[in-house]
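What follows is a set of notes on a single structure, which appears directly below.
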Amino acid sequence: MGMYTSTRKKIEGVTSTAAILQGISEEGGLFVPKTIPPIDFKLEELSKLTYKQLAYHIMNLFFSNIHKEDLERCIEKAYDNKFDDSSIAPVRNTGNTYFLELFHGPTLAFKDMALSILPYLMLISKQYENEENDIVILTATSGDTGKAALEGFANVQGTKIIVFFPEDGVSEVQKRQMLTQKGENTFVVGIKGNFDDAQTGVKSILGNAELEAKIQSKGYKFSSANSINIGRLIPQVVYYFCAYGQMLNQNEIEVGEMINVVVPTGNFGNILAAFYAKQMGLPIKKLICASNENKVLFDFFKTGTYDRNRKFHLTASPSMDILVSSNLERLLYHISGEDVDKVTEMMNALKEKGNYQITDKMRENLKDFYGGYADDIETKKVIRSVYEKEGYLMDTHTAVAYAVYEKYHLNQKDDTKTIIVSTASPYKFTHSVMSALDEKYNHMNDFALLHEMEKILEEKMPYGVKDIEKKPICHHKTCEVMEMQKTVLEIL
Ligand SMILES: *Cc1c(COP(=O)(O)O)cnc(C)c1O
């Protein structure tokens with residue numbers, strides 16, 4: 001147990017630490033667990049475990065070659081008081097809706113859940129695998145991963161981190177959070193392209209043997225902090241169990257009762273973690289995948305065809321502005337009965353012509369998923385209505401999930417208790433959120449609106465955005481998509 005194989009090639013299996021260190025498999029596939037382990041505790045125990053205890057139970061099953069003391073130390077350091085809520089991932093019950101709040105970490109988005117532990121896992125992996133080179137973390141971001149990874153890796157000895165973000169594709173607050181990042185080993189580069197360009201660029205650098213050899217001679221090794229790294233994915237399985245435990249504690253469900261989860265989705269990492277939780281034994285009925293206007297996943301679930309050949313939309317939920325959802329490759333592996341040749345064929349088709357189709361048999365294995373989408377108008381409408389009716393202010397991504405759930409509930413008449421996964425604080429998207437509440441905020445900028453939001457919520461704004469407009473900008477680099485490789489070499 002705890003070994004990893006590739007989505008594109010049958011291999012003997014590598015340890016979790018090798019997979020974390022390497023990021024991506026040699027032939028371009030993603031690492032997947034050879035077996036998805038069943039939980040080794042009873043569901044009723046969930047209500048008694050703290051987040052850290054639970055994190056240990058889950059991660060130990062997947063990272064079994066990491067010694068107990070080492071894994072415990074990683075968890076201890078990751079989930080400490082940089083989270084502003086002691087339960088780490090609280091479930092808020094508004095009386096009508098359950099929100100699993102994943103934004104209590106330092107950068108106010110759910111990426112902190114995994115990126116606060118990844119640097120420690122990376123250092124352990126480096127040690128276990130006798131890797132002497134410094135690790136260079138290459139990261140493409142649609143806005144939130146970048147800051148969370150920078151925050152996690154800043155000043156971590158033996159690492160450097162380079163973040164590429166779409167210059168015109170992130171919110172003002174997101175951008176400022178990244179550009180003001182301190183730390184000698186941090187590098188932030190704006191690219192003239194969208195997230196997909198950034199992600200494709202990073203993947204091609206990671207898969208380039210010649211480049212790898214070149215930087216190795218300078219004492220470096222590449223890895224990734226994107227959710228293509230299993231060190232990102234596995235820590236995300238934990239909070240679904242944590243949510244279930246809290247629902248039990250709040251007497252909202254009985255042990256064994258099925259729940260639904262609605263996940264605002266971009267790269268398919270978060271919802272894949274929910275799928276793993278379900279495979280491990282968490283009673284999840286439907287995995288509801290919520291997209292914004294870039295609804296490539298909605299179409300995929302509806303038709304069985306994945307087609308990225310379409311217009312790319314910049315939306316009010318920029319962290320989901322993605323047309324190539326990397327982690328879907330892992331799902332394809334599982335639903336195809338681990339057919340690596342089929343996955344390779346589909347991924348080649350995606351690369352060459354931008355689309356692929358799954359078989360009828362694979363489609364049958366998708367029945368636990370439901371795809372929905374909401375456009376910006378619907379998203380803003382629910383931000384306002386939920387604020388008015390439930391007194392709860394959602395960010396735009398969470399609102400996409402909420403809007404999709406409303407439609408699901410109406411159409412499917414499924415009254416199963418449902419958790420909306422709340423992926424970011426509204427403070428990261430002040431302009432979209434505030435202007436959804438009232439037109440009078442339209443003309444104000446994101447930074448002024450931080451203060452307006454603080455006023456209406458009657459609570460101090462989170463530390464992660466406090467005084468952000470006053471912090472000095474530390475990063476000025478920009479580049480064309482074609483120059484990403486060159487830029488990396490200039491930095492190293
Ligand atoms: C990254 C992100 C998402 C999408 O998550 P995936 O794992 O890429 O599907 C949704 N909401 C927010 C706020 C994000 O930062």
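Within each chain, counting starts at residue 1; across the structure tokens, chains are named A, B, ... in the order shown, with ligands numbered 1 upward in that order.
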
Subject >> Residues flagged strand (DSSP E) by DSSP in region 7-121 of chain A, as a VMD selection string >> reply: chain A and resid 14 to 15 31 to 33 91 to 93 98 to 101

Print the selection's residues with N, CA, C and O atoms to a file, as a PDB file, in the first residue's frame.
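Output saved as out-v8.pdb:
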ATOM      1  N   VAL A  14       6.282   3.562  -7.598  1.00  0.00           N
ATOM      2  CA  VAL A  14       7.280   4.369  -6.885  1.00  0.00           C
ATOM      3  C   VAL A  14       6.696   4.740  -5.520  1.00  0.00           C
ATOM      4  O   VAL A  14       5.481   4.722  -5.323  1.00  0.00           O
ATOM      5  N   THR A  15       7.576   5.067  -4.593  1.00  0.00           N
ATOM      6  CA  THR A  15       7.112   5.444  -3.262  1.00  0.00           C
ATOM      7  C   THR A  15       6.466   6.822  -3.300  1.00  0.00           C
ATOM      8  O   THR A  15       6.666   7.591  -4.251  1.00  0.00           O
ATOM      9  N   PHE A  31       1.035  10.787 -11.402  1.00  0.00           N
ATOM     10  CA  PHE A  31       1.093   9.698 -10.431  1.00  0.00           C
ATOM     11  C   PHE A  31      -0.284   9.485  -9.801  1.00  0.00           C
ATOM     12  O   PHE A  31      -0.984  10.442  -9.479  1.00  0.00           O
ATOM     13  N   VAL A  32      -0.648   8.211  -9.668  1.00  0.00           N
ATOM     14  CA  VAL A  32      -1.901   7.841  -9.004  1.00  0.00           C
ATOM     15  C   VAL A  32      -1.599   6.716  -8.013  1.00  0.00           C
ATOM     16  O   VAL A  32      -0.696   5.910  -8.246  1.00  0.00           O
ATOM     17  N   PRO A  33      -2.374   6.661  -6.922  1.00  0.00           N
ATOM     18  CA  PRO A  33      -2.159   5.564  -5.975  1.00  0.00           C
ATOM     19  C   PRO A  33      -2.441   4.221  -6.656  1.00  0.00           C
ATOM     20  O   PRO A  33      -3.419   4.110  -7.399  1.00  0.00           O
ATOM     21  N   VAL A  91     -17.259  23.773   9.350  1.00  0.00           N
ATOM     22  CA  VAL A  91     -18.512  23.722   8.588  1.00  0.00           C
ATOM     23  C   VAL A  91     -19.458  24.757   9.197  1.00  0.00           C
ATOM     24  O   VAL A  91     -19.744  24.723  10.384  1.00  0.00           O
ATOM     25  N   ARG A  92     -19.883  25.711   8.367  1.00  0.00           N
ATOM     26  CA  ARG A  92     -20.858  26.720   8.823  1.00  0.00           C
ATOM     27  C   ARG A  92     -22.245  26.308   8.365  1.00  0.00           C
ATOM     28  O   ARG A  92     -22.450  26.035   7.187  1.00  0.00           O
ATOM     29  N   ASN A  93     -23.142  26.290   9.319  1.00  0.00           N
ATOM     30  CA  ASN A  93     -24.510  25.934   9.015  1.00  0.00           C
ATOM     31  C   ASN A  93     -25.342  27.203   9.129  1.00  0.00           C
ATOM     32  O   ASN A  93     -25.493  27.748  10.215  1.00  0.00           O
ATOM     33  N   TYR A  98     -25.042  24.099   4.343  1.00  0.00           N
ATOM     34  CA  TYR A  98     -23.780  23.794   5.017  1.00  0.00           C
ATOM     35  C   TYR A  98     -22.631  24.234   4.125  1.00  0.00           C
ATOM     36  O   TYR A  98     -22.538  23.791   2.985  1.00  0.00           O
ATOM     37  N   PHE A  99     -21.780  25.101   4.659  1.00  0.00           N
ATOM     38  CA  PHE A  99     -20.602  25.534   3.922  1.00  0.00           C
ATOM     39  C   PHE A  99     -19.350  24.958   4.591  1.00  0.00           C
ATOM     40  O   PHE A  99     -19.140  25.171   5.790  1.00  0.00           O
ATOM     41  N   LEU A 100     -18.557  24.257   3.818  1.00  0.00           N
ATOM     42  CA  LEU A 100     -17.269  23.791   4.339  1.00  0.00           C
ATOM     43  C   LEU A 100     -16.244  24.869   3.999  1.00  0.00           C
ATOM     44  O   LEU A 100     -15.851  25.035   2.840  1.00  0.00           O
ATOM     45  N   GLU A 101     -15.844  25.635   5.005  1.00  0.00           N
ATOM     46  CA  GLU A 101     -14.973  26.796   4.764  1.00  0.00           C
ATOM     47  C   GLU A 101     -13.504  26.386   4.732  1.00  0.00           C
ATOM     48  O   GLU A 101     -12.913  26.045   5.754  1.00  0.00           O
TER      49      GLU A 101
END

Original post:
Mind listing the residues within 8 Å of ligand 1, only C-alpha atoms and all ligand atoms counted, as a PyMOL selection string?
Top reply: chain A and resi 109-111+142-145+227+263-272+317+319-320+325+395-398+422-425

With N, CA, C and O atoms kept, could you save the residues just selected as a short mmCIF file (atom, residue, chain, number, x, y, z; two decimals), in the first residue's frame?
data_model
loop_
_atom_site.label_atom_id
_atom_site.label_comp_id
_atom_site.auth_asym_id
_atom_site.auth_seq_id
_atom_site.Cartn_x
_atom_site.Cartn_y
_atom_site.Cartn_z
N ALA A 109 -7.51 31.13 0.59
CA ALA A 109 -8.16 30.24 -0.38
C ALA A 109 -7.84 28.79 0.00
O ALA A 109 -6.91 28.53 0.77
N PHE A 110 -8.59 27.87 -0.57
CA PHE A 110 -8.45 26.47 -0.14
C PHE A 110 -7.09 25.88 -0.49
O PHE A 110 -6.70 24.86 0.06
N LYS A 111 -6.35 26.53 -1.37
CA LYS A 111 -5.03 26.03 -1.73
C LYS A 111 -4.11 25.92 -0.50
O LYS A 111 -3.20 25.11 -0.47
N SER A 142 -3.86 30.10 -11.50
CA SER A 142 -4.99 30.90 -11.96
C SER A 142 -5.32 31.93 -10.88
O SER A 142 -6.36 32.56 -10.90
N GLY A 143 -4.42 32.09 -9.92
CA GLY A 143 -4.58 33.17 -8.95
C GLY A 143 -4.32 32.78 -7.51
O GLY A 143 -3.64 33.49 -6.77
N ASP A 144 -4.83 31.64 -7.09
CA ASP A 144 -4.74 31.28 -5.67
C ASP A 144 -3.57 30.35 -5.35
O ASP A 144 -2.94 30.48 -4.31
N THR A 145 -3.29 29.40 -6.24
CA THR A 145 -2.18 28.48 -5.99
C THR A 145 -0.88 29.25 -5.82
O THR A 145 -0.07 28.94 -4.96
N SER A 227 -1.65 20.91 -8.56
CA SER A 227 -2.34 19.71 -8.06
C SER A 227 -2.03 18.48 -8.91
O SER A 227 -2.52 17.40 -8.64
N VAL A 263 -18.62 21.03 -5.48
CA VAL A 263 -17.26 21.56 -5.50
C VAL A 263 -17.08 22.50 -6.70
O VAL A 263 -17.23 22.09 -7.85
N PRO A 264 -16.76 23.77 -6.42
CA PRO A 264 -16.46 24.69 -7.54
C PRO A 264 -15.13 24.25 -8.17
O PRO A 264 -14.12 24.17 -7.48
N THR A 265 -15.17 23.96 -9.44
CA THR A 265 -14.07 23.20 -10.04
C THR A 265 -13.37 23.91 -11.19
O THR A 265 -14.00 24.57 -12.00
N GLY A 266 -12.04 23.75 -11.21
CA GLY A 266 -11.24 24.28 -12.30
C GLY A 266 -10.36 23.18 -12.84
O GLY A 266 -10.62 22.56 -13.86
N ASN A 267 -9.31 22.89 -12.09
CA ASN A 267 -8.34 21.88 -12.52
C ASN A 267 -8.72 20.47 -12.07
O ASN A 267 -7.95 19.54 -12.24
N PHE A 268 -9.86 20.33 -11.44
CA PHE A 268 -10.41 19.04 -11.02
C PHE A 268 -9.63 18.39 -9.87
O PHE A 268 -9.71 17.20 -9.64
N GLY A 269 -8.87 19.19 -9.12
CA GLY A 269 -8.11 18.62 -8.01
C GLY A 269 -8.98 18.40 -6.78
O GLY A 269 -9.02 17.31 -6.21
N ASN A 270 -9.69 19.45 -6.40
CA ASN A 270 -10.49 19.41 -5.19
C ASN A 270 -11.56 18.33 -5.27
O ASN A 270 -11.75 17.53 -4.35
N ILE A 271 -12.25 18.27 -6.40
CA ILE A 271 -13.33 17.27 -6.52
C ILE A 271 -12.76 15.86 -6.66
O ILE A 271 -13.35 14.89 -6.21
N LEU A 272 -11.57 15.74 -7.22
CA LEU A 272 -10.95 14.42 -7.28
C LEU A 272 -10.62 13.92 -5.87
O LEU A 272 -10.75 12.73 -5.56
N SER A 317 -15.02 34.41 -11.46
CA SER A 317 -14.39 33.35 -10.64
C SER A 317 -13.11 32.89 -11.35
O SER A 317 -13.06 31.78 -11.89
N SER A 319 -10.21 31.78 -10.64
CA SER A 319 -9.46 30.57 -10.29
C SER A 319 -10.05 29.33 -10.95
O SER A 319 -9.49 28.24 -10.85
N MET A 320 -11.18 29.50 -11.60
CA MET A 320 -11.80 28.39 -12.34
C MET A 320 -11.81 28.65 -13.83
O MET A 320 -12.48 27.94 -14.58
N SER A 325 -8.45 20.71 -17.65
CA SER A 325 -8.46 20.31 -16.25
C SER A 325 -7.55 19.11 -16.06
O SER A 325 -7.91 17.97 -16.31
N ASP A 395 -17.82 34.11 -1.59
CA ASP A 395 -16.96 34.59 -2.66
C ASP A 395 -17.55 34.08 -3.99
O ASP A 395 -18.49 33.28 -4.00
N THR A 396 -16.99 34.51 -5.10
CA THR A 396 -17.58 34.19 -6.40
C THR A 396 -17.50 32.70 -6.74
O THR A 396 -18.39 32.17 -7.40
N HIS A 397 -16.43 32.03 -6.31
CA HIS A 397 -16.27 30.61 -6.63
C HIS A 397 -17.28 29.76 -5.87
O HIS A 397 -17.92 28.87 -6.42
N THR A 398 -17.39 30.08 -4.58
CA THR A 398 -18.37 29.40 -3.74
C THR A 398 -19.78 29.64 -4.30
O THR A 398 -20.63 28.74 -4.30
N SER A 422 -16.64 25.78 0.21
CA SER A 422 -16.40 27.22 0.13
C SER A 422 -14.89 27.43 -0.01
O SER A 422 -14.14 27.22 0.93
N THR A 423 -14.47 27.81 -1.21
CA THR A 423 -13.05 27.71 -1.53
C THR A 423 -12.24 28.99 -1.31
O THR A 423 -11.02 28.94 -1.34
N ALA A 424 -12.91 30.12 -1.17
CA ALA A 424 -12.14 31.35 -0.95
C ALA A 424 -12.93 32.31 -0.09
O ALA A 424 -14.16 32.27 -0.03
N SER A 425 -12.19 33.19 0.55
CA SER A 425 -12.81 34.26 1.33
C SER A 425 -13.32 35.34 0.37
O SER A 425 -12.66 35.63 -0.64
#

**OP:** Write out as a PyMOL selection string all residues of region 330-424 of chain A that DSSP puts in alpha helix (DSSP H) for this structure's backbone.
**Re:** chain A and resi 330-335+340-353+360-364+376-390+396-412

Subject >> Distance query region 46-55 of chain A at most 9 Å, only C-alpha atoms, self and fewer than 2 positions along chain excluded, as a list in words >> reply: Phe41, Lys42, Leu43, Glu44, His57, Ile58, Met59, Asn60, Glu72, Ile75, Glu76, Tyr79, Ser86, Ser87, Ile88, Ala89, Pro235, Val237, Val238, Tyr239, Phe241, Cys242, Tyr244, Gly245, Gln246, Met247, Leu248 and Asn249 of chain A

**OP:** Can you work out the spacing between CA of Lys160 (chain A) and CA of Glu184 (chain A) in Å, to one decimal?
**Re:** 8.5 Å

Original post:
Interatomic distance between CA of Glu454 (chain A) and CA of Ile117 (chain A)?
Top reply: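 Between CA of Glu454 (chain A) and CA of Ile117 (chain A) the gap works out to 29.5 Å.
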
**OP:** Might you pull out every residue within 6 Å of region 468-480 of chain A, with only C-alpha atoms counted and same-chain residues fewer than 5 positions away left off, and present them as a list of chain:residue names?
**Re:**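 My reading of the contact set: A:Leu179, A:Thr180, A:Val188, A:Val189, A:Gly190, A:Ile191, A:Lys192.
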
Take the residues from that selection and put them in a file with all heavy atoms, as an mmCIF file, in the first residue's frame.
data_model
loop_
_atom_site.group_PDB
_atom_site.id
_atom_site.type_symbol
_atom_site.label_atom_id
_atom_site.label_comp_id
_atom_site.auth_asym_id
_atom_site.auth_seq_id
_atom_site.Cartn_x
_atom_site.Cartn_y
_atom_site.Cartn_z
ATOM 1 N N LEU A 179 2.589 39.739 -5.883
ATOM 2 C CA LEU A 179 3.683 40.667 -6.188
ATOM 3 C C LEU A 179 4.367 41.232 -4.947
ATOM 4 O O LEU A 179 5.470 41.739 -5.024
ATOM 5 C CB LEU A 179 3.177 41.808 -7.078
ATOM 6 C CG LEU A 179 2.651 41.392 -8.462
ATOM 7 C CD1 LEU A 179 2.226 42.623 -9.263
ATOM 8 C CD2 LEU A 179 3.704 40.599 -9.244
ATOM 9 N N THR A 180 3.699 41.129 -3.793
ATOM 10 C CA THR A 180 4.308 41.662 -2.567
ATOM 11 C C THR A 180 4.972 40.552 -1.745
ATOM 12 O O THR A 180 5.367 40.776 -0.606
ATOM 13 C CB THR A 180 3.227 42.344 -1.682
ATOM 14 O OG1 THR A 180 2.169 41.417 -1.455
ATOM 15 C CG2 THR A 180 2.665 43.578 -2.357
ATOM 16 N N VAL A 188 8.218 35.653 -9.090
ATOM 17 C CA VAL A 188 6.857 35.729 -9.625
ATOM 18 C C VAL A 188 6.914 36.368 -11.003
ATOM 19 O O VAL A 188 7.520 37.421 -11.179
ATOM 20 C CB VAL A 188 5.959 36.572 -8.692
ATOM 21 C CG1 VAL A 188 4.534 36.639 -9.231
ATOM 22 C CG2 VAL A 188 5.964 35.989 -7.280
ATOM 23 N N VAL A 189 6.315 35.704 -11.986
ATOM 24 C CA VAL A 189 6.383 36.189 -13.361
ATOM 25 C C VAL A 189 4.974 36.268 -13.962
ATOM 26 O O VAL A 189 4.241 35.270 -13.976
ATOM 27 C CB VAL A 189 7.235 35.227 -14.238
ATOM 28 C CG1 VAL A 189 7.423 35.809 -15.637
ATOM 29 C CG2 VAL A 189 8.579 34.924 -13.591
ATOM 30 N N GLY A 190 4.602 37.442 -14.455
ATOM 31 C CA GLY A 190 3.319 37.592 -15.148
ATOM 32 C C GLY A 190 3.495 37.170 -16.602
ATOM 33 O O GLY A 190 4.472 37.561 -17.238
ATOM 34 N N ILE A 191 2.589 36.360 -17.115
ATOM 35 C CA ILE A 191 2.717 35.992 -18.525
ATOM 36 C C ILE A 191 1.599 36.632 -19.346
ATOM 37 O O ILE A 191 0.504 36.891 -18.854
ATOM 38 C CB ILE A 191 2.728 34.457 -18.768
ATOM 39 C CG1 ILE A 191 1.380 33.835 -18.405
ATOM 40 C CG2 ILE A 191 3.859 33.773 -18.046
ATOM 41 C CD1 ILE A 191 1.150 32.536 -19.148
ATOM 42 N N LYS A 192 1.926 36.849 -20.613
ATOM 43 C CA LYS A 192 0.935 37.424 -21.521
ATOM 44 C C LYS A 192 0.161 36.272 -22.142
ATOM 45 O O LYS A 192 0.391 35.882 -23.280
ATOM 46 C CB LYS A 192 1.638 38.281 -22.562
ATOM 47 C CG LYS A 192 2.381 39.434 -21.892
ATOM 48 C CD LYS A 192 3.006 40.387 -22.878
ATOM 49 C CE LYS A 192 3.604 41.598 -22.183
ATOM 50 N NZ LYS A 192 4.562 41.310 -21.101
#

Subject >> Option closest in space to Ala401 (chain A), from A:Thr359, A:Thr97, A:Gln181, A:Thr107 [counting only C-alpha atoms] >> reply: A:Thr97

Subject >> Nearest to Leu287 (chain A) by atom-to-atom distance, counting only C-alpha atoms, from A:Asn208, A:Thr416, A:Asn130, A:Gln485 >> reply: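 Ranked by minimum distance to Leu287 (chain A), first place goes to A:Thr416.
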
Original post:
Any idea what's packed within 7 Å of Gly105 (chain A), counting only C-alpha atoms, ignoring anything in its chain fewer than 6 positions away? Could you give it as a list in words?
Top reply: Lys82, Phe83, Asp84 and Asp112 of chain A

Original post:
Excluding same-chain residues fewer than 2 positions from Thr379 (chain A), what lies within 12 Å of it counting only C-alpha atoms, as an NGL selection string?
Top reply: :A and (264 or 290-293 or 315-317 or 373-377 or 381-386 or 394-406 or 432-433 or 435-437)

Could you save the residues just selected, with N, CA and C atoms, as an mmCIF file, in the first residue's frame?
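The resulting file, out.cif, is reproduced below:
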data_model
loop_
_atom_site.group_PDB
_atom_site.id
_atom_site.type_symbol
_atom_site.label_atom_id
_atom_site.label_comp_id
_atom_site.auth_asym_id
_atom_site.auth_seq_id
_atom_site.Cartn_x
_atom_site.Cartn_y
_atom_site.Cartn_z
ATOM 1 N N PRO A 264 -16.761 23.774 -6.419
ATOM 2 C CA PRO A 264 -16.458 24.685 -7.539
ATOM 3 C C PRO A 264 -15.134 24.248 -8.171
ATOM 4 N N ALA A 290 -19.132 21.869 -10.144
ATOM 5 C CA ALA A 290 -19.672 23.167 -10.560
ATOM 6 C C ALA A 290 -18.638 23.949 -11.366
ATOM 7 N N SER A 291 -19.019 24.356 -12.557
ATOM 8 C CA SER A 291 -18.122 25.144 -13.414
ATOM 9 C C SER A 291 -18.693 26.530 -13.641
ATOM 10 N N ASN A 292 -17.841 27.452 -14.029
ATOM 11 C CA ASN A 292 -18.324 28.756 -14.479
ATOM 12 C C ASN A 292 -18.541 28.683 -15.998
ATOM 13 N N GLU A 293 -18.502 29.818 -16.657
ATOM 14 C CA GLU A 293 -18.817 29.809 -18.083
ATOM 15 C C GLU A 293 -17.825 28.999 -18.918
ATOM 16 N N THR A 315 -13.845 35.298 -16.230
ATOM 17 C CA THR A 315 -15.081 35.405 -15.442
ATOM 18 C C THR A 315 -14.811 36.031 -14.076
ATOM 19 N N ALA A 316 -15.873 36.156 -13.301
ATOM 20 C CA ALA A 316 -15.749 36.687 -11.940
ATOM 21 C C ALA A 316 -15.173 35.637 -10.986
ATOM 22 N N SER A 317 -15.023 34.406 -11.459
ATOM 23 C CA SER A 317 -14.389 33.349 -10.642
ATOM 24 C C SER A 317 -13.110 32.889 -11.353
ATOM 25 N N TYR A 373 -23.260 24.205 -14.299
ATOM 26 C CA TYR A 373 -22.487 25.446 -14.423
ATOM 27 C C TYR A 373 -23.361 26.655 -14.156
ATOM 28 N N ALA A 374 -22.710 27.760 -13.850
ATOM 29 C CA ALA A 374 -23.414 29.017 -13.636
ATOM 30 C C ALA A 374 -22.591 30.138 -14.250
ATOM 31 N N ASP A 375 -23.266 31.057 -14.927
ATOM 32 C CA ASP A 375 -22.531 32.194 -15.507
ATOM 33 C C ASP A 375 -22.406 33.315 -14.467
ATOM 34 N N ASP A 376 -21.741 34.391 -14.866
ATOM 35 C CA ASP A 376 -21.484 35.474 -13.905
ATOM 36 C C ASP A 376 -22.766 36.120 -13.379
ATOM 37 N N ILE A 377 -23.756 36.216 -14.245
ATOM 38 C CA ILE A 377 -25.000 36.865 -13.804
ATOM 39 C C ILE A 377 -25.671 36.027 -12.720
ATOM 40 N N LYS A 381 -26.094 36.960 -8.702
ATOM 41 C CA LYS A 381 -27.443 36.940 -8.150
ATOM 42 C C LYS A 381 -27.502 36.130 -6.847
ATOM 43 N N VAL A 382 -26.838 34.975 -6.832
ATOM 44 C CA VAL A 382 -26.898 34.194 -5.580
ATOM 45 C C VAL A 382 -26.045 34.805 -4.475
ATOM 46 N N ILE A 383 -24.997 35.521 -4.843
ATOM 47 C CA ILE A 383 -24.212 36.193 -3.788
ATOM 48 C C ILE A 383 -25.149 37.125 -3.023
ATOM 49 N N ARG A 384 -25.944 37.846 -3.793
ATOM 50 C CA ARG A 384 -26.857 38.796 -3.172
ATOM 51 C C ARG A 384 -27.996 38.102 -2.411
ATOM 52 N N SER A 385 -28.602 37.113 -3.047
ATOM 53 C CA SER A 385 -29.768 36.496 -2.395
ATOM 54 C C SER A 385 -29.362 35.721 -1.135
ATOM 55 N N VAL A 386 -28.224 35.062 -1.179
ATOM 56 C CA VAL A 386 -27.795 34.312 0.007
ATOM 57 C C VAL A 386 -27.399 35.279 1.126
ATOM 58 N N MET A 394 -20.719 34.983 0.338
ATOM 59 C CA MET A 394 -19.881 34.007 -0.373
ATOM 60 C C MET A 394 -18.925 34.718 -1.319
ATOM 61 N N ASP A 395 -17.818 34.108 -1.590
ATOM 62 C CA ASP A 395 -16.957 34.589 -2.661
ATOM 63 C C ASP A 395 -17.553 34.085 -3.988
ATOM 64 N N THR A 396 -16.990 34.515 -5.098
ATOM 65 C CA THR A 396 -17.585 34.187 -6.397
ATOM 66 C C THR A 396 -17.495 32.696 -6.743
ATOM 67 N N HIS A 397 -16.429 32.033 -6.306
ATOM 68 C CA HIS A 397 -16.270 30.612 -6.631
ATOM 69 C C HIS A 397 -17.280 29.762 -5.866
ATOM 70 N N THR A 398 -17.391 30.077 -4.575
ATOM 71 C CA THR A 398 -18.373 29.398 -3.742
ATOM 72 C C THR A 398 -19.775 29.637 -4.298
ATOM 73 N N ALA A 399 -19.985 30.844 -4.793
ATOM 74 C CA ALA A 399 -21.300 31.198 -5.342
ATOM 75 C C ALA A 399 -21.621 30.390 -6.603
ATOM 76 N N VAL A 400 -20.616 30.087 -7.391
ATOM 77 C CA VAL A 400 -20.847 29.224 -8.561
ATOM 78 C C VAL A 400 -21.376 27.869 -8.062
ATOM 79 N N ALA A 401 -20.750 27.354 -7.012
ATOM 80 C CA ALA A 401 -21.185 26.072 -6.452
ATOM 81 C C ALA A 401 -22.618 26.173 -5.943
ATOM 82 N N TYR A 402 -22.896 27.262 -5.268
ATOM 83 C CA TYR A 402 -24.237 27.444 -4.705
ATOM 84 C C TYR A 402 -25.290 27.501 -5.817
ATOM 85 N N ALA A 403 -24.980 28.268 -6.848
ATOM 86 C CA ALA A 403 -25.938 28.429 -7.954
ATOM 87 C C ALA A 403 -26.178 27.084 -8.647
ATOM 88 N N VAL A 404 -25.123 26.314 -8.801
ATOM 89 C CA VAL A 404 -25.258 24.998 -9.433
ATOM 90 C C VAL A 404 -26.103 24.081 -8.535
ATOM 91 N N TYR A 405 -25.874 24.175 -7.234
ATOM 92 C CA TYR A 405 -26.654 23.337 -6.326
ATOM 93 C C TYR A 405 -28.143 23.685 -6.395
ATOM 94 N N GLU A 406 -28.435 24.972 -6.450
ATOM 95 C CA GLU A 406 -29.847 25.375 -6.552
ATOM 96 C C GLU A 406 -30.514 24.723 -7.758
ATOM 97 N N SER A 432 -16.004 42.002 -7.375
ATOM 98 C CA SER A 432 -17.117 41.180 -7.870
ATOM 99 C C SER A 432 -18.176 40.967 -6.789
ATOM 100 N N VAL A 433 -17.718 40.717 -5.581
ATOM 101 C CA VAL A 433 -18.664 40.394 -4.507
ATOM 102 C C VAL A 433 -19.472 41.626 -4.099
ATOM 103 N N SER A 435 -19.966 44.460 -5.739
ATOM 104 C CA SER A 435 -20.843 45.000 -6.778
ATOM 105 C C SER A 435 -22.048 44.085 -7.015
ATOM 106 N N ALA A 436 -21.926 42.825 -6.597
ATOM 107 C CA ALA A 436 -23.100 41.949 -6.669
ATOM 108 C C ALA A 436 -24.141 42.370 -5.637
ATOM 109 N N LEU A 437 -23.660 42.932 -4.528
ATOM 110 C CA LEU A 437 -24.585 43.345 -3.472
ATOM 111 C C LEU A 437 -25.267 44.661 -3.803
#

**OP:** Please identify all polymer residues within 12 Å of Asn96 (chain A), counting only C-alpha atoms, omitting same-chain residues fewer than 5 positions from it, and present them as a ChimeraX atom specification.
**Re:** /A:252,386,389-392,402,406,417-420

Subject >> Nearest candidate to Phe103 (chain A) (options A:Ala78, A:Pro90, A:Ile36, A:Val262; using only C-alpha atoms) >> reply: A:Pro90
